[in-house]
$ cat work_6.csv   # CSV, C-alpha atoms
chain,number,residue,atom,x,y,z
A,9,MET,CA,0.0,0.0,0.0
A,10,THR,CA,1.2,3.4,-0.9
A,11,PHE,CA,-1.6,5.5,0.6
A,12,ALA,CA,-0.9,7.6,3.6
A,13,ALA,CA,-2.3,6.0,6.8
A,14,THR,CA,-4.0,9.1,8.0
A,15,PRO,CA,-6.2,9.0,11.2
A,16,GLU,CA,-9.9,10.0,11.5
A,17,PRO,CA,-10.4,13.6,10.4
A,18,PRO,CA,-9.8,16.4,11.1
A,19,TYR,CA,-6.2,16.6,10.1
A,20,TYR,CA,-4.3,18.7,7.6
A,21,ALA,CA,-3.2,18.3,4.0
A,22,VAL,CA,-0.5,20.4,2.3
A,23,VAL,CA,-1.0,20.3,-1.5
A,24,PHE,CA,2.3,21.2,-3.3
A,25,THR,CA,1.9,21.5,-7.0
A,26,SER,CA,5.0,22.3,-9.1
A,27,SER,CA,6.4,22.6,-12.5
A,28,MET,CA,10.1,21.9,-13.0
A,29,THR,CA,12.8,23.7,-14.9
A,30,GLY,CA,14.3,20.3,-15.9
A,31,ASN,CA,17.7,21.3,-14.5
A,32,ASP,CA,19.6,18.7,-12.5
A,33,PRO,CA,17.0,16.0,-12.2
A,34,GLU,CA,19.3,13.7,-10.3
A,35,GLY,CA,20.0,16.3,-7.7
A,36,TYR,CA,16.4,17.0,-7.4
A,37,ALA,CA,15.5,13.3,-7.0
A,38,LYS,CA,18.1,12.9,-4.3
A,39,MET,CA,16.9,15.9,-2.4
A,40,ALA,CA,13.2,15.0,-2.7
A,41,GLU,CA,14.0,11.5,-1.2
A,42,SER,CA,16.1,13.1,1.5
A,43,MET,CA,13.3,15.6,2.4
A,44,GLU,CA,10.7,12.8,2.5
A,45,ARG,CA,12.8,10.9,5.0
A,46,LEU,CA,13.3,14.0,7.1
A,47,ALA,CA,9.6,14.9,7.0
A,48,ALA,CA,8.8,11.4,8.3
A,49,THR,CA,10.8,12.1,11.5
A,50,MET,CA,8.9,15.4,12.2
A,51,PRO,CA,6.2,15.6,15.0
A,52,GLY,CA,2.7,15.5,13.6
A,53,TYR,CA,3.7,13.9,10.2
A,54,LEU,CA,1.0,11.5,9.0
A,55,GLY,CA,2.2,10.5,5.5
A,56,ILE,CA,2.8,11.7,1.9
A,57,GLU,CA,1.4,10.8,-1.5
A,58,THR,CA,2.9,12.0,-4.8
A,59,GLY,CA,2.5,11.9,-8.5
A,60,ARG,CA,3.8,13.7,-11.6
A,61,GLY,CA,2.1,14.5,-14.9
A,62,ASP,CA,2.0,17.9,-16.5
A,63,VAL,CA,2.7,19.1,-13.0
A,64,GLY,CA,3.9,17.4,-9.9
A,65,VAL,CA,1.3,16.9,-7.2
A,66,THR,CA,2.6,16.1,-3.7
A,67,VAL,CA,0.2,15.9,-0.8
A,68,SER,CA,1.7,15.6,2.7
A,69,TYR,CA,-0.6,15.1,5.7
A,70,TRP,CA,-0.1,16.6,9.2
A,71,GLN,CA,-1.8,16.5,12.5
A,72,ASP,CA,-2.3,20.2,12.9
A,73,LEU,CA,-1.1,23.6,11.7
A,74,GLU,CA,1.6,23.8,14.2
A,75,SER,CA,3.3,20.7,12.8
A,76,ILE,CA,3.1,22.2,9.3
A,77,GLU,CA,4.7,25.4,10.5
A,78,ASN,CA,7.4,23.5,12.3
A,79,TRP,CA,8.2,21.5,9.2
A,80,LYS,CA,8.2,24.6,7.0
A,81,SER,CA,10.7,26.3,9.3
A,82,ASN,CA,13.0,23.3,9.7
A,83,ILE,CA,16.5,24.4,8.9
A,84,GLN,CA,17.4,21.6,6.5
A,85,HIS,CA,14.1,21.9,4.8
A,86,GLN,CA,14.6,25.7,4.4
A,87,ALA,CA,17.9,25.1,2.8
A,88,ALA,CA,16.3,22.6,0.4
A,89,GLN,CA,13.5,25.2,-0.4
A,90,GLN,CA,16.1,27.8,-1.3
A,91,ILE,CA,17.9,25.4,-3.7
A,92,GLY,CA,14.6,24.3,-5.1
A,93,LYS,CA,13.5,27.9,-5.9
A,94,ALA,CA,16.9,28.7,-7.4
A,95,LYS,CA,17.4,25.6,-9.5
A,96,TRP,CA,14.6,23.0,-9.8
A,97,TYR,CA,11.2,24.7,-9.6
A,98,GLN,CA,9.8,26.8,-12.4
A,99,ASP,CA,6.7,27.5,-10.4
A,100,PHE,CA,4.9,26.1,-7.5
A,101,VAL,CA,1.7,26.6,-5.5
A,102,VAL,CA,1.2,25.5,-1.9
A,103,ARG,CA,-2.2,25.0,-0.4
A,104,VAL,CA,-2.9,24.3,3.2
A,105,ALA,CA,-6.2,22.5,3.8
A,106,LYS,CA,-8.1,21.0,6.7
A,107,VAL,CA,-9.4,17.5,5.8
A,108,GLU,CA,-12.9,17.4,7.0
A,109,ARG,CA,-13.9,13.9,5.8
A,110,ASP,CA,-12.5,11.0,4.0
A,111,TYR,CA,-13.6,7.6,2.6
A,112,ALA,CA,-12.1,4.8,0.6
A,113,MET,CA,-13.0,2.0,-1.7
A,114,SER,CA,-11.3,-0.8,0.2
A,115,GLY,CA,-8.0,-2.1,1.6
A,116,TRP,CA,-7.3,1.2,3.4
A,117,GLU,CA,-7.4,1.7,7.2
A,118,ALA,CA,-7.8,5.2,8.3
B,4,MET,CA,0.4,27.1,-16.9
B,5,THR,CA,-1.2,23.9,-15.7
B,6,PHE,CA,-2.0,25.1,-12.2
B,7,ALA,CA,-5.6,25.5,-11.2
B,8,ALA,CA,-6.6,29.2,-11.2
B,9,THR,CA,-8.2,29.0,-7.7
B,10,PRO,CA,-9.6,32.2,-6.0
B,11,GLU,CA,-8.7,33.6,-2.6
B,12,PRO,CA,-9.3,31.0,0.1
B,13,PRO,CA,-11.4,29.6,1.5
B,14,TYR,CA,-12.4,27.1,-1.1
B,15,TYR,CA,-12.4,23.3,-1.2
B,16,ALA,CA,-10.0,20.6,-2.4
B,17,VAL,CA,-11.0,17.0,-3.1
B,18,VAL,CA,-7.8,14.8,-3.0
B,19,PHE,CA,-8.4,11.6,-4.9
B,20,THR,CA,-5.5,9.0,-4.5
B,21,SER,CA,-5.8,5.8,-6.4
B,22,SER,CA,-4.0,2.6,-7.4
B,23,MET,CA,-4.9,1.0,-10.6
B,24,THR,CA,-5.6,-2.6,-11.6
B,25,GLY,CA,-3.9,-2.0,-14.9
B,26,ASN,CA,-6.9,-3.3,-16.8
B,27,ASP,CA,-8.1,-1.4,-19.9
B,28,PRO,CA,-5.8,1.6,-19.6
B,29,GLU,CA,-7.1,3.1,-22.9
B,30,GLY,CA,-10.7,2.9,-21.6
B,31,TYR,CA,-9.6,4.5,-18.4
B,32,ALA,CA,-7.8,7.3,-20.1
B,33,LYS,CA,-10.8,8.1,-22.3
B,34,MET,CA,-13.1,8.1,-19.3
B,35,ALA,CA,-10.8,10.3,-17.2
B,36,GLU,CA,-10.6,12.9,-20.0
B,37,SER,CA,-14.3,12.8,-20.5
B,38,MET,CA,-14.9,13.2,-16.7
B,39,GLU,CA,-12.5,16.2,-16.6
B,40,ARG,CA,-14.4,17.9,-19.4
B,41,LEU,CA,-17.7,17.2,-17.6
B,42,ALA,CA,-16.4,18.4,-14.2
B,43,ALA,CA,-15.3,21.7,-15.8
B,44,THR,CA,-18.9,22.4,-16.8
B,45,MET,CA,-20.2,21.9,-13.2
B,46,PRO,CA,-21.2,24.9,-11.0
B,47,GLY,CA,-18.5,25.7,-8.4
B,48,TYR,CA,-15.7,23.9,-10.3
B,49,LEU,CA,-12.4,25.8,-9.9
B,50,GLY,CA,-9.8,23.5,-11.5
B,51,ILE,CA,-7.9,20.2,-11.4
B,52,GLU,CA,-4.3,19.1,-11.0
B,53,THR,CA,-3.2,15.6,-11.4
B,54,GLY,CA,0.0,13.4,-11.3
B,55,ARG,CA,0.8,9.7,-11.3
B,56,GLY,CA,3.6,7.9,-9.5
B,57,ASP,CA,3.3,4.8,-7.3
B,58,VAL,CA,-0.2,6.1,-6.9
B,59,GLY,CA,-2.3,8.6,-8.8
B,60,VAL,CA,-3.0,11.9,-7.1
B,61,THR,CA,-5.7,14.1,-8.5
B,62,VAL,CA,-6.8,17.2,-6.7
B,63,SER,CA,-9.9,19.0,-7.9
B,64,TYR,CA,-10.9,22.4,-6.5
B,65,TRP,CA,-14.5,23.5,-5.7
B,66,GLN,CA,-16.1,26.6,-4.4
B,67,ASP,CA,-18.0,24.9,-1.6
B,68,LEU,CA,-19.2,21.6,-0.2
B,69,GLU,CA,-22.5,21.9,-2.1
B,70,SER,CA,-20.7,21.9,-5.5
B,71,ILE,CA,-18.7,18.8,-4.5
B,72,GLU,CA,-21.9,17.0,-3.5
B,73,ASN,CA,-23.5,18.1,-6.8
B,74,TRP,CA,-20.6,16.7,-8.8
B,75,LYS,CA,-20.4,13.5,-6.8
B,76,SER,CA,-24.1,12.8,-7.5
B,77,ASN,CA,-24.0,13.7,-11.2
B,78,ILE,CA,-25.5,10.8,-13.1
B,79,GLN,CA,-22.8,10.5,-15.7
B,80,HIS,CA,-20.1,10.8,-13.0
B,81,GLN,CA,-21.9,8.1,-10.9
B,82,ALA,CA,-21.9,5.7,-13.9
B,83,ALA,CA,-18.1,6.4,-14.4
B,84,GLN,CA,-17.5,5.7,-10.7
B,85,GLN,CA,-19.3,2.3,-10.9
B,86,ILE,CA,-17.1,1.3,-13.9
B,87,GLY,CA,-14.0,2.6,-12.1
B,88,LYS,CA,-14.7,0.5,-9.0
B,89,ALA,CA,-15.5,-2.6,-11.1
B,90,LYS,CA,-12.6,-2.3,-13.6
B,91,TRP,CA,-9.9,0.3,-13.2
B,92,TYR,CA,-9.3,1.1,-9.5
B,93,GLN,CA,-7.6,-1.4,-7.2
B,94,ASP,CA,-8.0,1.0,-4.3
B,95,PHE,CA,-8.7,4.7,-3.8
B,96,VAL,CA,-9.0,7.2,-1.0
B,97,VAL,CA,-11.0,10.4,-1.2
B,98,ARG,CA,-10.3,13.3,1.2
B,99,VAL,CA,-12.4,16.5,1.2
B,100,ALA,CA,-10.5,19.4,2.6
B,101,LYS,CA,-11.1,23.1,3.1
B,102,VAL,CA,-8.2,25.2,1.8
B,103,GLU,CA,-7.4,27.8,4.4
B,104,ARG,CA,-4.4,29.5,2.8
B,105,ASP,CA,-2.2,29.3,-0.3
B,106,TYR,CA,0.9,30.9,-1.7
B,107,ALA,CA,3.0,30.5,-4.8
B,108,MET,CA,6.5,31.0,-6.0
B,109,SER,CA,5.7,33.1,-9.1
B,110,GLY,CA,3.7,33.2,-12.3
B,111,TRP,CA,0.5,32.2,-10.6
B,112,GLU,CA,-2.5,34.4,-10.2
B,113,ALA,CA,-4.9,33.3,-7.5

$ encode --input "work_6.csv" --output "structure tokens"
Amino acid sequence: MTFAATPEPPYYAVVFTSSMTGNDPEGYAKMAESMERLAATMPGYLGIETGRGDVGVTVSYWQDLESIENWKSNIQHQAAQQIGKAKWYQDFVVRVAKVERDYAMSGWEA
Amino acid sequence: MTFAATPEPPYYAVVFTSSMTGNDPEGYAKMAESMERLAATMPGYLGIETGRGDVGVTVSYWQDLESIENWKSNIQHQAAQQIGKAKWYQDFVVRVAKVERDYAMSGWEA
């Protein structure tokens, strides 16, 4: 299973949509993997789901707004954000949303 | 630009995460395109962003909960959902979330 094992709502989702410059894809892939590992150690982290098409869509799930702020201001994450803006991302949009309800087809335990 | 042109928050996001059976990919692609076109005609529709990796992540944006309910119960959409459950989707999770704030790097007008 590759779905985030989120708890009963409410919890929070950060929807990160991005388009890439195409520069240094190997460096980006390494950093993305490293940031996913780091995020998973943060308090309030609930999981992540990601896909890429015309744009990349990454949704990370968090217990509350405080855990999102804490992750946003993490020093290693901030360094990665700076490199991302300078080198990898052409554009991105971040949306912070409160999950009010969820449901599933099967095979998924909230 | 392939980002959804969403307005100032608050508005709603429906995060649809799915894994596929792998059956009939052409039929699925046709139906997905048809449903995106249909969704775009619905009242309260604000846009859609989609990517696919280990899972598919599709985020559609809506003005309010009423427009989401209206889309969910659309008769053509319901027929597509039934075929999807029977044939294309191995699993899926739907999360309905209220976007409380958003920000962007550049090039994006909310």

$ calpha_fit_and_write --input "work_6.csv" --fixed "chain B" --moving "chain A" --output "PDB file with C-alpha atoms, in the frame of the given file"
ATOM      1  CA  MET A   9       0.355  27.085 -17.012  1.00  0.00           C
ATOM      2  CA  THR A  10      -1.140  23.942 -15.708  1.00  0.00           C
ATOM      3  CA  PHE A  11      -2.013  25.051 -12.171  1.00  0.00           C
ATOM      4  CA  ALA A  12      -5.593  25.469 -11.220  1.00  0.00           C
ATOM      5  CA  ALA A  13      -6.602  29.175 -11.116  1.00  0.00           C
ATOM      6  CA  THR A  14      -8.225  28.978  -7.759  1.00  0.00           C
ATOM      7  CA  PRO A  15      -9.593  32.196  -6.066  1.00  0.00           C
ATOM      8  CA  GLU A  16      -8.628  33.587  -2.614  1.00  0.00           C
ATOM      9  CA  PRO A  17      -9.302  31.012   0.094  1.00  0.00           C
ATOM     10  CA  PRO A  18     -11.442  29.558   1.507  1.00  0.00           C
ATOM     11  CA  TYR A  19     -12.410  27.058  -1.104  1.00  0.00           C
ATOM     12  CA  TYR A  20     -12.393  23.282  -1.233  1.00  0.00           C
ATOM     13  CA  ALA A  21      -9.989  20.619  -2.439  1.00  0.00           C
ATOM     14  CA  VAL A  22     -10.935  16.987  -3.145  1.00  0.00           C
ATOM     15  CA  VAL A  23      -7.801  14.785  -2.957  1.00  0.00           C
ATOM     16  CA  PHE A  24      -8.368  11.496  -4.906  1.00  0.00           C
ATOM     17  CA  THR A  25      -5.547   9.080  -4.527  1.00  0.00           C
ATOM     18  CA  SER A  26      -5.749   5.747  -6.402  1.00  0.00           C
ATOM     19  CA  SER A  27      -3.966   2.666  -7.367  1.00  0.00           C
ATOM     20  CA  MET A  28      -4.923   0.969 -10.628  1.00  0.00           C
ATOM     21  CA  THR A  29      -5.575  -2.621 -11.538  1.00  0.00           C
ATOM     22  CA  GLY A  30      -3.869  -2.023 -14.935  1.00  0.00           C
ATOM     23  CA  ASN A  31      -6.936  -3.313 -16.791  1.00  0.00           C
ATOM     24  CA  ASP A  32      -8.052  -1.398 -19.867  1.00  0.00           C
ATOM     25  CA  PRO A  33      -5.809   1.614 -19.676  1.00  0.00           C
ATOM     26  CA  GLU A  34      -7.174   3.097 -22.859  1.00  0.00           C
ATOM     27  CA  GLY A  35     -10.693   2.961 -21.592  1.00  0.00           C
ATOM     28  CA  TYR A  36      -9.630   4.478 -18.412  1.00  0.00           C
ATOM     29  CA  ALA A  37      -7.751   7.322 -20.156  1.00  0.00           C
ATOM     30  CA  LYS A  38     -10.764   8.084 -22.289  1.00  0.00           C
ATOM     31  CA  MET A  39     -13.091   8.166 -19.351  1.00  0.00           C
ATOM     32  CA  ALA A  40     -10.764  10.266 -17.168  1.00  0.00           C
ATOM     33  CA  GLU A  41     -10.575  12.902 -20.024  1.00  0.00           C
ATOM     34  CA  SER A  42     -14.322  12.741 -20.465  1.00  0.00           C
ATOM     35  CA  MET A  43     -14.935  13.224 -16.685  1.00  0.00           C
ATOM     36  CA  GLU A  44     -12.494  16.163 -16.566  1.00  0.00           C
ATOM     37  CA  ARG A  45     -14.412  17.904 -19.316  1.00  0.00           C
ATOM     38  CA  LEU A  46     -17.705  17.244 -17.586  1.00  0.00           C
ATOM     39  CA  ALA A  47     -16.391  18.430 -14.213  1.00  0.00           C
ATOM     40  CA  ALA A  48     -15.330  21.702 -15.871  1.00  0.00           C
ATOM     41  CA  THR A  49     -18.977  22.441 -16.813  1.00  0.00           C
ATOM     42  CA  MET A  50     -20.229  21.896 -13.190  1.00  0.00           C
ATOM     43  CA  PRO A  51     -21.213  24.916 -10.936  1.00  0.00           C
ATOM     44  CA  GLY A  52     -18.532  25.731  -8.413  1.00  0.00           C
ATOM     45  CA  TYR A  53     -15.658  23.945 -10.327  1.00  0.00           C
ATOM     46  CA  LEU A  54     -12.385  25.844  -9.912  1.00  0.00           C
ATOM     47  CA  GLY A  55      -9.813  23.548 -11.585  1.00  0.00           C
ATOM     48  CA  ILE A  56      -7.950  20.195 -11.363  1.00  0.00           C
ATOM     49  CA  GLU A  57      -4.328  19.153 -11.011  1.00  0.00           C
ATOM     50  CA  THR A  58      -3.097  15.566 -11.457  1.00  0.00           C
ATOM     51  CA  GLY A  59      -0.084  13.382 -11.340  1.00  0.00           C
ATOM     52  CA  ARG A  60       0.799   9.674 -11.235  1.00  0.00           C
ATOM     53  CA  GLY A  61       3.666   7.854  -9.535  1.00  0.00           C
ATOM     54  CA  ASP A  62       3.284   4.875  -7.275  1.00  0.00           C
ATOM     55  CA  VAL A  63      -0.241   6.144  -6.900  1.00  0.00           C
ATOM     56  CA  GLY A  64      -2.300   8.595  -8.822  1.00  0.00           C
ATOM     57  CA  VAL A  65      -2.919  11.908  -7.107  1.00  0.00           C
ATOM     58  CA  THR A  66      -5.756  14.052  -8.499  1.00  0.00           C
ATOM     59  CA  VAL A  67      -6.759  17.226  -6.731  1.00  0.00           C
ATOM     60  CA  SER A  68      -9.926  18.983  -7.945  1.00  0.00           C
ATOM     61  CA  TYR A  69     -10.906  22.350  -6.446  1.00  0.00           C
ATOM     62  CA  TRP A  70     -14.485  23.541  -5.723  1.00  0.00           C
ATOM     63  CA  GLN A  71     -16.154  26.585  -4.404  1.00  0.00           C
ATOM     64  CA  ASP A  72     -18.004  24.938  -1.581  1.00  0.00           C
ATOM     65  CA  LEU A  73     -19.273  21.598  -0.287  1.00  0.00           C
ATOM     66  CA  GLU A  74     -22.468  21.832  -2.107  1.00  0.00           C
ATOM     67  CA  SER A  75     -20.695  21.897  -5.470  1.00  0.00           C
ATOM     68  CA  ILE A  76     -18.690  18.819  -4.446  1.00  0.00           C
ATOM     69  CA  GLU A  77     -21.850  16.982  -3.507  1.00  0.00           C
ATOM     70  CA  ASN A  78     -23.512  17.975  -6.731  1.00  0.00           C
ATOM     71  CA  TRP A  79     -20.581  16.714  -8.748  1.00  0.00           C
ATOM     72  CA  LYS A  80     -20.412  13.467  -6.780  1.00  0.00           C
ATOM     73  CA  SER A  81     -24.086  12.793  -7.469  1.00  0.00           C
ATOM     74  CA  ASN A  82     -23.986  13.696 -11.160  1.00  0.00           C
ATOM     75  CA  ILE A  83     -25.491  10.853 -13.097  1.00  0.00           C
ATOM     76  CA  GLN A  84     -22.748  10.469 -15.693  1.00  0.00           C
ATOM     77  CA  HIS A  85     -20.124  10.759 -13.067  1.00  0.00           C
ATOM     78  CA  GLN A  86     -21.871   8.049 -10.957  1.00  0.00           C
ATOM     79  CA  ALA A  87     -21.868   5.762 -13.886  1.00  0.00           C
ATOM     80  CA  ALA A  88     -18.141   6.403 -14.403  1.00  0.00           C
ATOM     81  CA  GLN A  89     -17.523   5.709 -10.612  1.00  0.00           C
ATOM     82  CA  GLN A  90     -19.266   2.360 -10.888  1.00  0.00           C
ATOM     83  CA  ILE A  91     -17.121   1.313 -13.898  1.00  0.00           C
ATOM     84  CA  GLY A  92     -14.050   2.613 -12.183  1.00  0.00           C
ATOM     85  CA  LYS A  93     -14.678   0.523  -9.013  1.00  0.00           C
ATOM     86  CA  ALA A  94     -15.468  -2.558 -11.094  1.00  0.00           C
ATOM     87  CA  LYS A  95     -12.626  -2.379 -13.577  1.00  0.00           C
ATOM     88  CA  TRP A  96      -9.890   0.277 -13.189  1.00  0.00           C
ATOM     89  CA  TYR A  97      -9.321   1.051  -9.506  1.00  0.00           C
ATOM     90  CA  GLN A  98      -7.590  -1.339  -7.161  1.00  0.00           C
ATOM     91  CA  ASP A  99      -8.032   1.057  -4.303  1.00  0.00           C
ATOM     92  CA  PHE A 100      -8.730   4.640  -3.776  1.00  0.00           C
ATOM     93  CA  VAL A 101      -9.031   7.200  -0.974  1.00  0.00           C
ATOM     94  CA  VAL A 102     -10.987  10.446  -1.206  1.00  0.00           C
ATOM     95  CA  ARG A 103     -10.342  13.354   1.073  1.00  0.00           C
ATOM     96  CA  VAL A 104     -12.400  16.464   1.255  1.00  0.00           C
ATOM     97  CA  ALA A 105     -10.499  19.487   2.574  1.00  0.00           C
ATOM     98  CA  LYS A 106     -11.104  23.177   3.111  1.00  0.00           C
ATOM     99  CA  VAL A 107      -8.162  25.241   1.759  1.00  0.00           C
ATOM    100  CA  GLU A 108      -7.437  27.767   4.366  1.00  0.00           C
ATOM    101  CA  ARG A 109      -4.404  29.490   2.778  1.00  0.00           C
ATOM    102  CA  ASP A 110      -2.291  29.319  -0.241  1.00  0.00           C
ATOM    103  CA  TYR A 111       0.890  30.901  -1.694  1.00  0.00           C
ATOM    104  CA  ALA A 112       3.061  30.493  -4.729  1.00  0.00           C
ATOM    105  CA  MET A 113       6.541  31.038  -5.967  1.00  0.00           C
ATOM    106  CA  SER A 114       5.687  33.099  -9.027  1.00  0.00           C
ATOM    107  CA  GLY A 115       3.768  33.193 -12.320  1.00  0.00           C
ATOM    108  CA  TRP A 116       0.515  32.124 -10.619  1.00  0.00           C
ATOM    109  CA  GLU A 117      -2.540  34.381 -10.093  1.00  0.00           C
ATOM    110  CA  ALA A 118      -4.866  33.263  -7.455  1.00  0.00           C
TER     111      ALA A 118
END

$ interface_residues --input "work_6.csv" --of "chain B" --to "chain A" --cutoff "6 Å" --atoms "only C-alpha atoms" --output "list in words"
Gly54, Arg55, Gly56, Gly59, Val60, Asp94, Phe95, Val96, Val97, Arg98, Val99, Ala100, Lys101, Val102, Glu103, Arg104, Asp105, Tyr106, Ala107, Met108 and Ser109 of chain B

$ atom_distance --input "work_6.csv" --atom1 "atom CA of Gly52 of chain A" --atom2 "atom CA of Tyr69 of chain A"
8.6 Å

$ atom_distance --input "work_6.csv" --atom1 "atom CA of Lys33 of chain B" --atom2 "atom CA of Ala83 of chain B"
10.9 Å

$ closest_residue --input "work_6.csv" --among "B:Met23, B:Ser70, B:Ala82, B:Pro10" --to "Tyr48 of chain B" --atoms "only C-alpha atoms"
B:Ser70

$ atom_distance --input "work_6.csv" --atom1 "atom CA of Met50 of chain A" --atom2 "atom CA of Asp32 of chain A"
27.1 Å
